[in-house]
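Raw contents of data_2.pdb, PDB, C-alpha atoms, pLDDT in the B column:
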```pdb
ATOM      1  CA  MET A   1      19.036  10.342 -16.344  1.00 56.00           C
ATOM      2  CA  ALA A   2      16.264   7.823 -15.780  1.00 58.00           C
ATOM      3  CA  ALA A   3      12.672   9.007 -15.837  1.00 60.00           C
ATOM      4  CA  LYS A   4      11.091   9.273 -12.419  1.00 67.00           C
ATOM      5  CA  ILE A   5       8.249   6.809 -11.936  1.00 67.00           C
ATOM      6  CA  LEU A   6       5.265   8.614 -10.490  1.00 86.00           C
ATOM      7  CA  VAL A   7       2.522   7.077  -8.424  1.00 91.00           C
ATOM      8  CA  GLN A   8      -0.869   7.947  -9.874  1.00 94.00           C
ATOM      9  CA  VAL A   9      -4.422   7.702  -8.588  1.00 95.00           C
ATOM     10  CA  GLY A  10      -5.802   4.282  -9.493  1.00 97.00           C
ATOM     11  CA  ASP A  11      -2.427   2.523  -9.423  1.00 96.00           C
ATOM     12  CA  VAL A  12      -2.362  -0.786  -7.540  1.00 97.00           C
ATOM     13  CA  TYR A  13       0.567  -1.783  -5.325  1.00 96.00           C
ATOM     14  CA  ASN A  14       0.295  -5.158  -3.620  1.00 95.00           C
ATOM     15  CA  ARG A  15      -3.017  -4.913  -1.715  1.00 96.00           C
ATOM     16  CA  PHE A  16      -3.383  -1.130  -2.032  1.00 97.00           C
ATOM     17  CA  THR A  17      -5.152   1.050  -4.577  1.00 98.00           C
ATOM     18  CA  VAL A  18      -4.033   4.685  -4.635  1.00 98.00           C
ATOM     19  CA  LEU A  19      -6.880   7.120  -3.912  1.00 98.00           C
ATOM     20  CA  LEU A  20      -5.034  10.414  -3.481  1.00 97.00           C
ATOM     21  CA  ARG A  21      -1.473  11.690  -3.603  1.00 94.00           C
ATOM     22  CA  ARG A  22      -0.064  14.562  -1.541  1.00 94.00           C
ATOM     23  CA  GLY A  23       3.653  15.272  -1.487  1.00 89.00           C
ATOM     24  CA  GLY A  24       5.511  12.143  -0.457  1.00 92.00           C
ATOM     25  CA  HIS A  25       2.410  10.339   0.814  1.00 95.00           C
ATOM     26  CA  CYS A  26      -0.516   8.511  -0.739  1.00 97.00           C
ATOM     27  CA  GLN A  27      -3.940   7.798   0.606  1.00 98.00           C
ATOM     28  CA  VAL A  28      -4.679   4.177  -0.253  1.00 98.00           C
ATOM     29  CA  ARG A  29      -7.467   1.635   0.147  1.00 98.00           C
ATOM     30  CA  CYS A  30      -6.496  -1.887   1.123  1.00 97.00           C
ATOM     31  CA  VAL A  31      -8.387  -4.839  -0.368  1.00 96.00           C
ATOM     32  CA  CYS A  32      -9.943  -5.384   3.085  1.00 96.00           C
ATOM     33  CA  GLY A  33     -11.445  -1.862   2.945  1.00 97.00           C
ATOM     34  CA  VAL A  34      -9.128   0.035   5.298  1.00 97.00           C
ATOM     35  CA  VAL A  35      -8.144   3.511   4.052  1.00 98.00           C
ATOM     36  CA  LYS A  36      -4.841   4.934   5.287  1.00 97.00           C
ATOM     37  CA  TRP A  37      -1.902   7.160   4.371  1.00 98.00           C
ATOM     38  CA  VAL A  38       1.440   5.582   3.451  1.00 97.00           C
ATOM     39  CA  ARG A  39       4.751   7.002   2.309  1.00 96.00           C
ATOM     40  CA  THR A  40       5.104   6.866  -1.462  1.00 95.00           C
ATOM     41  CA  ASP A  41       8.622   5.414  -1.351  1.00 94.00           C
ATOM     42  CA  LYS A  42       7.526   2.547   0.918  1.00 95.00           C
ATOM     43  CA  LEU A  43       4.541   1.884  -1.344  1.00 94.00           C
ATOM     44  CA  ARG A  44       6.661   1.756  -4.508  1.00 92.00           C
ATOM     45  CA  SER A  45       9.410  -0.365  -2.945  1.00 93.00           C
ATOM     46  CA  GLY A  46       6.914  -2.918  -1.632  1.00 93.00           C
ATOM     47  CA  GLU A  47       8.020  -2.355   1.958  1.00 95.00           C
ATOM     48  CA  THR A  48       4.365  -1.603   2.814  1.00 95.00           C
ATOM     49  CA  LYS A  49       2.122  -4.266   1.290  1.00 95.00           C
ATOM     50  CA  SER A  50      -1.119  -3.977   3.251  1.00 96.00           C
ATOM     51  CA  CYS A  51      -2.750  -2.306   6.242  1.00 95.00           C
ATOM     52  CA  GLY A  52      -1.738  -5.248   8.407  1.00 93.00           C
ATOM     53  CA  CYS A  53      -4.335  -7.700   7.164  1.00 94.00           C
ATOM     54  CA  LEU A  54      -1.736  -9.677   5.179  1.00 91.00           C
ATOM     55  CA  ALA A  55       0.377 -10.361   8.276  1.00 89.00           C
ATOM     56  CA  LYS A  56      -2.743 -11.461  10.170  1.00 90.00           C
ATOM     57  CA  GLU A  57      -3.792 -13.804   7.355  1.00 87.00           C
ATOM     58  CA  LEU A  58      -0.309 -15.336   7.160  1.00 89.00           C
ATOM     59  CA  ALA A  59      -0.208 -15.811  10.945  1.00 89.00           C
ATOM     60  CA  ASP A  60      -3.643 -17.437  10.933  1.00 88.00           C
ATOM     61  CA  ALA A  61      -2.657 -19.738   8.060  1.00 86.00           C
ATOM     62  CA  SER A  62       0.497 -20.881   9.871  1.00 86.00           C
ATOM     63  CA  ARG A  63      -1.549 -21.909  12.932  1.00 83.00           C
ATOM     64  CA  LYS A  64      -3.898 -24.184  11.005  1.00 72.00           C
ATOM     65  CA  PRO A  65      -3.076 -27.901  11.222  1.00 68.00           C
TER
END
```

Represent the structure of the file as structure tokens.
Amino acid sequence: MAAKILVQVGDVYNRFTVLLRRGGHCQVRCVCGVVKWVRTDKLRSGETKSCGCLAKELADASRKP
């Protein structure tokens, strides 16, 4: 049986740094400063990469000539 990979305080996933872990959720701080709760499985899988700032930056970049 493979060892379970645990999310720990201080770990960095994409644009998030883990601040606190409770059950299946983590409180994280995005590089832009937003603090929010995300599901641990979505954090580890990379499904959740940022608070939404990444999508905004990519949209803004695609509009520039």

Set the distance at 7 Å and use all atoms listed in the file: which residues neighbour range 41-57 of chain A once local chain neighbours fewer than 4 positions away are removed? I'd like the list as a PyMOL selection string.
chain A and resi 13-16+30+34+61

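Atom to atom, CA of Leu58 in chain A and CA of Val31 in chain A stand 15.2 Å apart.
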
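Across the structure, CA of Leu6 in chain A and CA of Trp37 in chain A are spaced 16.6 Å apart.
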
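For the pair CA of Val35 in chain A and CA of Ala59 in chain A, the interatomic distance is 22.0 Å.
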
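Neighbouring residues of Thr40 in chain A at 6 Å or closer, counting only C-alpha atoms and skipping chain neighbours under 5 positions away, are Gly24, His25 and Cys26 of chain A.
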
Could you tell me which residues the PyMOL selection byres ((chain A and resi 10) around 12) grabs in this file, written as a PyMOL selection string?
chain A and resi 6-9+11-13+16-21+26-29

Could I get range 6-43 of chain A from the block written as a PDB file, in the first residue's frame, with N, CA and C atoms?
```pdb
ATOM      1  N   LEU A   6       0.526  13.661   2.825  1.00  0.00           N
ATOM      2  CA  LEU A   6      -0.217  14.616   3.637  1.00  0.00           C
ATOM      3  C   LEU A   6       0.172  16.037   3.290  1.00  0.00           C
ATOM      4  N   VAL A   7      -0.802  16.904   3.321  1.00  0.00           N
ATOM      5  CA  VAL A   7      -0.567  18.328   3.139  1.00  0.00           C
ATOM      6  C   VAL A   7      -0.178  18.886   4.498  1.00  0.00           C
ATOM      7  N   GLN A   8       0.896  19.649   4.534  1.00  0.00           N
ATOM      8  CA  GLN A   8       1.373  20.207   5.797  1.00  0.00           C
ATOM      9  C   GLN A   8       1.421  21.725   5.723  1.00  0.00           C
ATOM     10  N   VAL A   9       1.317  22.358   6.875  1.00  0.00           N
ATOM     11  CA  VAL A   9       1.432  23.810   6.958  1.00  0.00           C
ATOM     12  C   VAL A   9       2.779  24.220   6.387  1.00  0.00           C
ATOM     13  N   GLY A  10       2.768  25.229   5.521  1.00  0.00           N
ATOM     14  CA  GLY A  10       3.989  25.705   4.888  1.00  0.00           C
ATOM     15  C   GLY A  10       4.196  25.162   3.489  1.00  0.00           C
ATOM     16  N   ASP A  11       3.498  24.079   3.144  1.00  0.00           N
ATOM     17  CA  ASP A  11       3.603  23.526   1.790  1.00  0.00           C
ATOM     18  C   ASP A  11       3.087  24.542   0.774  1.00  0.00           C
ATOM     19  N   VAL A  12       3.671  24.524  -0.420  1.00  0.00           N
ATOM     20  CA  VAL A  12       3.262  25.423  -1.494  1.00  0.00           C
ATOM     21  C   VAL A  12       2.704  24.587  -2.638  1.00  0.00           C
ATOM     22  N   TYR A  13       1.514  24.949  -3.089  1.00  0.00           N
ATOM     23  CA  TYR A  13       0.850  24.311  -4.218  1.00  0.00           C
ATOM     24  C   TYR A  13       0.439  25.404  -5.188  1.00  0.00           C
ATOM     25  N   ASN A  14       1.051  25.410  -6.353  1.00  0.00           N
ATOM     26  CA  ASN A  14       0.792  26.430  -7.360  1.00  0.00           C
ATOM     27  C   ASN A  14       0.981  27.812  -6.738  1.00  0.00           C
ATOM     28  N   ARG A  15      -0.065  28.597  -6.610  1.00  0.00           N
ATOM     29  CA  ARG A  15       0.047  29.944  -6.035  1.00  0.00           C
ATOM     30  C   ARG A  15      -0.334  30.007  -4.562  1.00  0.00           C
ATOM     31  N   PHE A  16      -0.610  28.874  -3.949  1.00  0.00           N
ATOM     32  CA  PHE A  16      -1.066  28.834  -2.560  1.00  0.00           C
ATOM     33  C   PHE A  16       0.015  28.353  -1.611  1.00  0.00           C
ATOM     34  N   THR A  17       0.021  28.928  -0.414  1.00  0.00           N
ATOM     35  CA  THR A  17       0.812  28.438   0.708  1.00  0.00           C
ATOM     36  C   THR A  17      -0.179  28.005   1.780  1.00  0.00           C
ATOM     37  N   VAL A  18      -0.001  26.807   2.300  1.00  0.00           N
ATOM     38  CA  VAL A  18      -0.917  26.259   3.302  1.00  0.00           C
ATOM     39  C   VAL A  18      -0.653  26.925   4.654  1.00  0.00           C
ATOM     40  N   LEU A  19      -1.732  27.468   5.245  1.00  0.00           N
ATOM     41  CA  LEU A  19      -1.645  28.124   6.550  1.00  0.00           C
ATOM     42  C   LEU A  19      -2.162  27.239   7.676  1.00  0.00           C
ATOM     43  N   LEU A  20      -3.215  26.466   7.382  1.00  0.00           N
ATOM     44  CA  LEU A  20      -3.884  25.674   8.402  1.00  0.00           C
ATOM     45  C   LEU A  20      -4.582  24.506   7.725  1.00  0.00           C
ATOM     46  N   ARG A  21      -4.683  23.402   8.421  1.00  0.00           N
ATOM     47  CA  ARG A  21      -5.363  22.233   7.854  1.00  0.00           C
ATOM     48  C   ARG A  21      -6.396  21.730   8.839  1.00  0.00           C
ATOM     49  N   ARG A  22      -7.622  21.536   8.363  1.00  0.00           N
ATOM     50  CA  ARG A  22      -8.715  21.012   9.180  1.00  0.00           C
ATOM     51  C   ARG A  22      -9.489  20.007   8.361  1.00  0.00           C
ATOM     52  N   GLY A  23      -9.447  18.753   8.758  1.00  0.00           N
ATOM     53  CA  GLY A  23     -10.169  17.712   8.035  1.00  0.00           C
ATOM     54  C   GLY A  23      -9.734  17.666   6.589  1.00  0.00           C
ATOM     55  N   GLY A  24     -10.682  17.749   5.686  1.00  0.00           N
ATOM     56  CA  GLY A  24     -10.385  17.680   4.260  1.00  0.00           C
ATOM     57  C   GLY A  24     -10.214  19.036   3.606  1.00  0.00           C
ATOM     58  N   HIS A  25      -9.980  20.079   4.419  1.00  0.00           N
ATOM     59  CA  HIS A  25      -9.832  21.426   3.881  1.00  0.00           C
ATOM     60  C   HIS A  25      -8.568  22.077   4.421  1.00  0.00           C
ATOM     61  N   CYS A  26      -8.050  23.014   3.637  1.00  0.00           N
ATOM     62  CA  CYS A  26      -6.875  23.782   4.041  1.00  0.00           C
ATOM     63  C   CYS A  26      -7.166  25.261   3.908  1.00  0.00           C
ATOM     64  N   GLN A  27      -6.694  26.015   4.876  1.00  0.00           N
ATOM     65  CA  GLN A  27      -6.722  27.462   4.729  1.00  0.00           C
ATOM     66  C   GLN A  27      -5.406  27.828   4.056  1.00  0.00           C
ATOM     67  N   VAL A  28      -5.502  28.581   2.972  1.00  0.00           N
ATOM     68  CA  VAL A  28      -4.318  28.913   2.176  1.00  0.00           C
ATOM     69  C   VAL A  28      -4.245  30.402   1.919  1.00  0.00           C
ATOM     70  N   ARG A  29      -3.022  30.876   1.635  1.00  0.00           N
ATOM     71  CA  ARG A  29      -2.812  32.261   1.218  1.00  0.00           C
ATOM     72  C   ARG A  29      -2.296  32.229  -0.207  1.00  0.00           C
ATOM     73  N   CYS A  30      -2.977  32.955  -1.073  1.00  0.00           N
ATOM     74  CA  CYS A  30      -2.558  33.074  -2.466  1.00  0.00           C
ATOM     75  C   CYS A  30      -1.408  34.084  -2.548  1.00  0.00           C
ATOM     76  N   VAL A  31      -0.630  34.034  -3.606  1.00  0.00           N
ATOM     77  CA  VAL A  31       0.478  34.976  -3.765  1.00  0.00           C
ATOM     78  C   VAL A  31      -0.007  36.418  -3.833  1.00  0.00           C
ATOM     79  N   CYS A  32      -1.274  36.627  -4.217  1.00  0.00           N
ATOM     80  CA  CYS A  32      -1.828  37.986  -4.286  1.00  0.00           C
ATOM     81  C   CYS A  32      -2.295  38.481  -2.925  1.00  0.00           C
ATOM     82  N   GLY A  33      -2.292  37.589  -1.901  1.00  0.00           N
ATOM     83  CA  GLY A  33      -2.646  37.984  -0.544  1.00  0.00           C
ATOM     84  C   GLY A  33      -3.992  37.489  -0.053  1.00  0.00           C
ATOM     85  N   VAL A  34      -4.826  36.964  -0.931  1.00  0.00           N
ATOM     86  CA  VAL A  34      -6.140  36.467  -0.540  1.00  0.00           C
ATOM     87  C   VAL A  34      -5.987  35.190   0.285  1.00  0.00           C
ATOM     88  N   VAL A  35      -6.723  35.121   1.411  1.00  0.00           N
ATOM     89  CA  VAL A  35      -6.735  33.927   2.251  1.00  0.00           C
ATOM     90  C   VAL A  35      -8.102  33.273   2.086  1.00  0.00           C
ATOM     91  N   LYS A  36      -8.105  31.968   1.825  1.00  0.00           N
ATOM     92  CA  LYS A  36      -9.371  31.253   1.641  1.00  0.00           C
ATOM     93  C   LYS A  36      -9.207  29.801   2.022  1.00  0.00           C
ATOM     94  N   TRP A  37     -10.337  29.084   2.103  1.00  0.00           N
ATOM     95  CA  TRP A  37     -10.350  27.656   2.375  1.00  0.00           C
ATOM     96  C   TRP A  37     -10.556  26.918   1.071  1.00  0.00           C
ATOM     97  N   VAL A  38      -9.787  25.851   0.863  1.00  0.00           N
ATOM     98  CA  VAL A  38      -9.939  25.005  -0.327  1.00  0.00           C
ATOM     99  C   VAL A  38      -9.914  23.543   0.106  1.00  0.00           C
ATOM    100  N   ARG A  39     -10.544  22.707  -0.689  1.00  0.00           N
ATOM    101  CA  ARG A  39     -10.515  21.270  -0.404  1.00  0.00           C
ATOM    102  C   ARG A  39      -9.106  20.734  -0.650  1.00  0.00           C
ATOM    103  N   THR A  40      -8.650  19.900   0.249  1.00  0.00           N
ATOM    104  CA  THR A  40      -7.300  19.348   0.171  1.00  0.00           C
ATOM    105  C   THR A  40      -7.088  18.554  -1.112  1.00  0.00           C
ATOM    106  N   ASP A  41      -8.067  17.765  -1.536  1.00  0.00           N
ATOM    107  CA  ASP A  41      -7.887  16.965  -2.741  1.00  0.00           C
ATOM    108  C   ASP A  41      -7.757  17.842  -3.985  1.00  0.00           C
ATOM    109  N   LYS A  42      -8.475  18.937  -4.043  1.00  0.00           N
ATOM    110  CA  LYS A  42      -8.385  19.848  -5.192  1.00  0.00           C
ATOM    111  C   LYS A  42      -7.054  20.605  -5.180  1.00  0.00           C
ATOM    112  N   LEU A  43      -6.549  20.886  -3.997  1.00  0.00           N
ATOM    113  CA  LEU A  43      -5.258  21.545  -3.848  1.00  0.00           C
ATOM    114  C   LEU A  43      -4.142  20.627  -4.337  1.00  0.00           C
TER     115      LEU A  43
END
```
